[in-house]
Amino acid sequence: MEELSKMNQINNLAFDIMHETNQGKTFDCAADIYRLSLQAKLNENQQAVLSWLIDCYKDDGDPVEAISDLYDETMPTERKTCLDAAYETFDNQQKFQLLAAFAEWGMKEVAE
């Protein structure tokens with residue numbers, strides 16, 4: 001479903017480029033297409049940790065605090081234990097993908 005949404009966004013931006021006369025707006029649309037094309041699809045474990053980060057952010061309103069909660073040993077919940085196990089399997093690229101997705105979500109959240 002997410003891939004379809006991304007493709008729909010790219011198609012809409014491409015349509016805008018074809019019909020836009022303002023060069024600045026055309027460039028912005030092209031930049032958005034490029035950004036969308038670079039977004040990596042997160043695996044199931046990354047999605048689970050991202051969901052947890054978003055929940056943590058919503059609880060305390062601080063993105064850095066949400067990230068630091070990943071390392072908080074005083075949160076002995078069953079969900080946290082499963083997320084820790086999933087997070088430990090990530091290589092650095094997967095961790096950066098996760099952080100990028102969290103940052104992208106956060107930027108959209110702040111913009112609204």
# chains A, B, ... in the order shown; residues from 1 in each chain; ligands from 1
>>> residues_around(residues="Ile67 (chain A)", least_positions_apart="6", cutoff="12 Å", atoms="only C-alpha atoms", output="ChimeraX atom specification")
/A:49-57,60-61,87,95,98-99,102-103
>>> write_last_selection(atoms="C-alpha atoms", output="PDB file, in the first residue's frame")
ATOM      1  CA  VAL A  49      10.684   0.172  15.767  1.00  0.00           C
ATOM      2  CA  LEU A  50       9.528   3.237  13.801  1.00  0.00           C
ATOM      3  CA  SER A  51       6.017   2.809  15.182  1.00  0.00           C
ATOM      4  CA  TRP A  52       7.456   2.592  18.683  1.00  0.00           C
ATOM      5  CA  LEU A  53       9.579   5.732  18.137  1.00  0.00           C
ATOM      6  CA  ILE A  54       6.501   7.619  16.943  1.00  0.00           C
ATOM      7  CA  ASP A  55       4.549   6.496  20.021  1.00  0.00           C
ATOM      8  CA  CYS A  56       7.407   7.616  22.281  1.00  0.00           C
ATOM      9  CA  TYR A  57       7.560  10.981  20.526  1.00  0.00           C
ATOM     10  CA  ASP A  60       6.917  13.173  25.499  1.00  0.00           C
ATOM     11  CA  GLY A  61       7.158  15.455  22.437  1.00  0.00           C
ATOM     12  CA  TYR A  87      16.867  -3.356  16.670  1.00  0.00           C
ATOM     13  CA  LYS A  95      19.570   2.091  11.353  1.00  0.00           C
ATOM     14  CA  LEU A  98      15.028   3.971  10.314  1.00  0.00           C
ATOM     15  CA  LEU A  99      16.310   7.361  11.486  1.00  0.00           C
ATOM     16  CA  PHE A 102      11.532   8.866  11.702  1.00  0.00           C
ATOM     17  CA  ALA A 103      12.914  12.272  10.700  1.00  0.00           C
TER      18      ALA A 103
END
>>> atom_distance(atom1="CA of Tyr71 (chain A)", atom2="CA of Asp84 (chain A)")
8.3 Å
>>> closest_residue(among="A:Phe96, A:Asn45, A:Ser68, A:Val110", to="Leu83 (chain A)", atoms="only C-alpha atoms")
A:Asn45
>>> residues_around(residues="Phe27 (chain A)", least_positions_apart="6", cutoff="12 Å", atoms="only C-alpha atoms", output="list in words")
Leu13, Ala14, Asp16, Ile17, Met18, Glu20, Thr21, Ile33 and Tyr34 of chain A
>>> atom_distance(atom1="CA of Asn22 (chain A)", atom2="CA of Lys108 (chain A)")
24.8 Å
>>> select_by_dssp(residues="chain A", states="helix (DSSP H, G or I)", output="PyMOL selection string")
chain A and resi 2-19+23-38+44-60+63-71+78-88+92-111
>>> decode(residues="region 26-66 of chain A", atoms="N, CA and C atoms", output="mmCIF file, in the first residue's frame")
data_model
loop_
_atom_site.group_PDB
_atom_site.id
_atom_site.type_symbol
_atom_site.label_atom_id
_atom_site.label_comp_id
_atom_site.auth_asym_id
_atom_site.auth_seq_id
_atom_site.Cartn_x
_atom_site.Cartn_y
_atom_site.Cartn_z
ATOM 1 N N THR A 26 8.502 23.959 -10.904
ATOM 2 C CA THR A 26 8.910 22.767 -11.648
ATOM 3 C C THR A 26 10.116 22.123 -10.974
ATOM 4 N N PHE A 27 11.077 22.931 -10.573
ATOM 5 C CA PHE A 27 12.261 22.404 -9.883
ATOM 6 C C PHE A 27 11.868 21.752 -8.560
ATOM 7 N N ASP A 28 10.976 22.388 -7.797
ATOM 8 C CA ASP A 28 10.532 21.819 -6.526
ATOM 9 C C ASP A 28 9.860 20.462 -6.727
ATOM 10 N N CYS A 29 9.034 20.356 -7.769
ATOM 11 C CA CYS A 29 8.375 19.072 -8.066
ATOM 12 C C CYS A 29 9.413 18.008 -8.428
ATOM 13 N N ALA A 30 10.398 18.382 -9.220
ATOM 14 C CA ALA A 30 11.446 17.427 -9.602
ATOM 15 C C ALA A 30 12.241 16.991 -8.374
ATOM 16 N N ALA A 31 12.533 17.922 -7.483
ATOM 17 C CA ALA A 31 13.260 17.592 -6.257
ATOM 18 C C ALA A 31 12.437 16.637 -5.387
ATOM 19 N N ASP A 32 11.127 16.847 -5.331
ATOM 20 C CA ASP A 32 10.258 15.957 -4.561
ATOM 21 C C ASP A 32 10.233 14.554 -5.164
ATOM 22 N N ILE A 33 10.210 14.462 -6.489
ATOM 23 C CA ILE A 33 10.254 13.156 -7.154
ATOM 24 C C ILE A 33 11.553 12.448 -6.804
ATOM 25 N N TYR A 34 12.653 13.171 -6.861
ATOM 26 C CA TYR A 34 13.946 12.583 -6.523
ATOM 27 C C TYR A 34 13.960 12.086 -5.080
ATOM 28 N N ARG A 35 13.455 12.903 -4.166
ATOM 29 C CA ARG A 35 13.405 12.527 -2.748
ATOM 30 C C ARG A 35 12.572 11.264 -2.556
ATOM 31 N N LEU A 36 11.419 11.204 -3.207
ATOM 32 C CA LEU A 36 10.560 10.027 -3.083
ATOM 33 C C LEU A 36 11.231 8.770 -3.643
ATOM 34 N N SER A 37 11.997 8.947 -4.697
ATOM 35 C CA SER A 37 12.651 7.785 -5.314
ATOM 36 C C SER A 37 13.761 7.230 -4.433
ATOM 37 N N LEU A 38 14.316 8.044 -3.549
ATOM 38 C CA LEU A 38 15.393 7.601 -2.674
ATOM 39 C C LEU A 38 14.903 6.910 -1.406
ATOM 40 N N GLN A 39 13.635 7.103 -1.075
ATOM 41 C CA GLN A 39 13.123 6.537 0.164
ATOM 42 C C GLN A 39 13.188 5.014 0.114
ATOM 43 N N ALA A 40 13.848 4.463 1.083
ATOM 44 C CA ALA A 40 13.944 3.001 1.168
ATOM 45 C C ALA A 40 12.698 2.451 1.842
ATOM 46 N N LYS A 41 12.291 1.286 1.397
ATOM 47 C CA LYS A 41 11.175 0.621 2.047
ATOM 48 C C LYS A 41 11.703 -0.059 3.303
ATOM 49 N N LEU A 42 11.064 0.204 4.417
ATOM 50 C CA LEU A 42 11.487 -0.374 5.681
ATOM 51 C C LEU A 42 10.982 -1.812 5.791
ATOM 52 N N ASN A 43 11.810 -2.670 6.387
ATOM 53 C CA ASN A 43 11.363 -4.040 6.619
ATOM 54 C C ASN A 43 10.426 -4.063 7.834
ATOM 55 N N GLU A 44 9.887 -5.237 8.130
ATOM 56 C CA GLU A 44 8.901 -5.369 9.205
ATOM 57 C C GLU A 44 9.474 -4.945 10.563
ATOM 58 N N ASN A 45 10.711 -5.331 10.851
ATOM 59 C CA ASN A 45 11.332 -4.942 12.122
ATOM 60 C C ASN A 45 11.550 -3.437 12.192
ATOM 61 N N GLN A 46 11.988 -2.838 11.081
ATOM 62 C CA GLN A 46 12.181 -1.391 11.061
ATOM 63 C C GLN A 46 10.845 -0.674 11.261
ATOM 64 N N GLN A 47 9.790 -1.191 10.613
ATOM 65 C CA GLN A 47 8.466 -0.588 10.769
ATOM 66 C C GLN A 47 8.004 -0.649 12.227
ATOM 67 N N ALA A 48 8.276 -1.770 12.885
ATOM 68 C CA ALA A 48 7.874 -1.923 14.290
ATOM 69 C C ALA A 48 8.609 -0.921 15.173
ATOM 70 N N VAL A 49 9.907 -0.770 14.956
ATOM 71 C CA VAL A 49 10.684 0.172 15.767
ATOM 72 C C VAL A 49 10.262 1.610 15.447
ATOM 73 N N LEU A 50 10.002 1.903 14.173
ATOM 74 C CA LEU A 50 9.528 3.237 13.801
ATOM 75 C C LEU A 50 8.212 3.554 14.497
ATOM 76 N N SER A 51 7.307 2.608 14.506
ATOM 77 C CA SER A 51 6.017 2.809 15.182
ATOM 78 C C SER A 51 6.235 3.102 16.665
ATOM 79 N N TRP A 52 7.154 2.380 17.269
ATOM 80 C CA TRP A 52 7.456 2.592 18.683
ATOM 81 C C TRP A 52 8.064 3.980 18.913
ATOM 82 N N LEU A 53 8.983 4.394 18.027
ATOM 83 C CA LEU A 53 9.579 5.732 18.137
ATOM 84 C C LEU A 53 8.512 6.819 18.038
ATOM 85 N N ILE A 54 7.582 6.644 17.111
ATOM 86 C CA ILE A 54 6.501 7.619 16.943
ATOM 87 C C ILE A 54 5.644 7.680 18.206
ATOM 88 N N ASP A 55 5.322 6.518 18.770
ATOM 89 C CA ASP A 55 4.549 6.496 20.021
ATOM 90 C C ASP A 55 5.297 7.205 21.142
ATOM 91 N N CYS A 56 6.601 6.951 21.250
ATOM 92 C CA CYS A 56 7.407 7.616 22.281
ATOM 93 C C CYS A 56 7.417 9.123 22.076
ATOM 94 N N TYR A 57 7.561 9.546 20.825
ATOM 95 C CA TYR A 57 7.560 10.981 20.526
ATOM 96 C C TYR A 57 6.226 11.600 20.940
ATOM 97 N N LYS A 58 5.148 10.917 20.622
ATOM 98 C CA LYS A 58 3.824 11.448 20.959
ATOM 99 C C LYS A 58 3.630 11.538 22.464
ATOM 100 N N ASP A 59 4.284 10.653 23.212
ATOM 101 C CA ASP A 59 4.172 10.677 24.678
ATOM 102 C C ASP A 59 4.909 11.850 25.296
ATOM 103 N N ASP A 60 6.147 12.113 24.829
ATOM 104 C CA ASP A 60 6.917 13.173 25.499
ATOM 105 C C ASP A 60 7.286 14.353 24.605
ATOM 106 N N GLY A 61 6.977 14.301 23.305
ATOM 107 C CA GLY A 61 7.158 15.455 22.437
ATOM 108 C C GLY A 61 8.591 15.813 22.107
ATOM 109 N N ASP A 62 9.526 14.908 22.329
ATOM 110 C CA ASP A 62 10.932 15.195 22.046
ATOM 111 C C ASP A 62 11.505 14.058 21.198
ATOM 112 N N PRO A 63 11.898 14.341 19.943
ATOM 113 C CA PRO A 63 12.399 13.268 19.077
ATOM 114 C C PRO A 63 13.685 12.629 19.588
ATOM 115 N N VAL A 64 14.559 13.410 20.176
ATOM 116 C CA VAL A 64 15.814 12.854 20.688
ATOM 117 C C VAL A 64 15.541 11.961 21.888
ATOM 118 N N GLU A 65 14.593 12.358 22.710
ATOM 119 C CA GLU A 65 14.202 11.539 23.860
ATOM 120 C C GLU A 65 13.624 10.201 23.380
ATOM 121 N N ALA A 66 12.834 10.250 22.315
ATOM 122 C CA ALA A 66 12.267 9.010 21.766
ATOM 123 C C ALA A 66 13.378 8.066 21.317
#
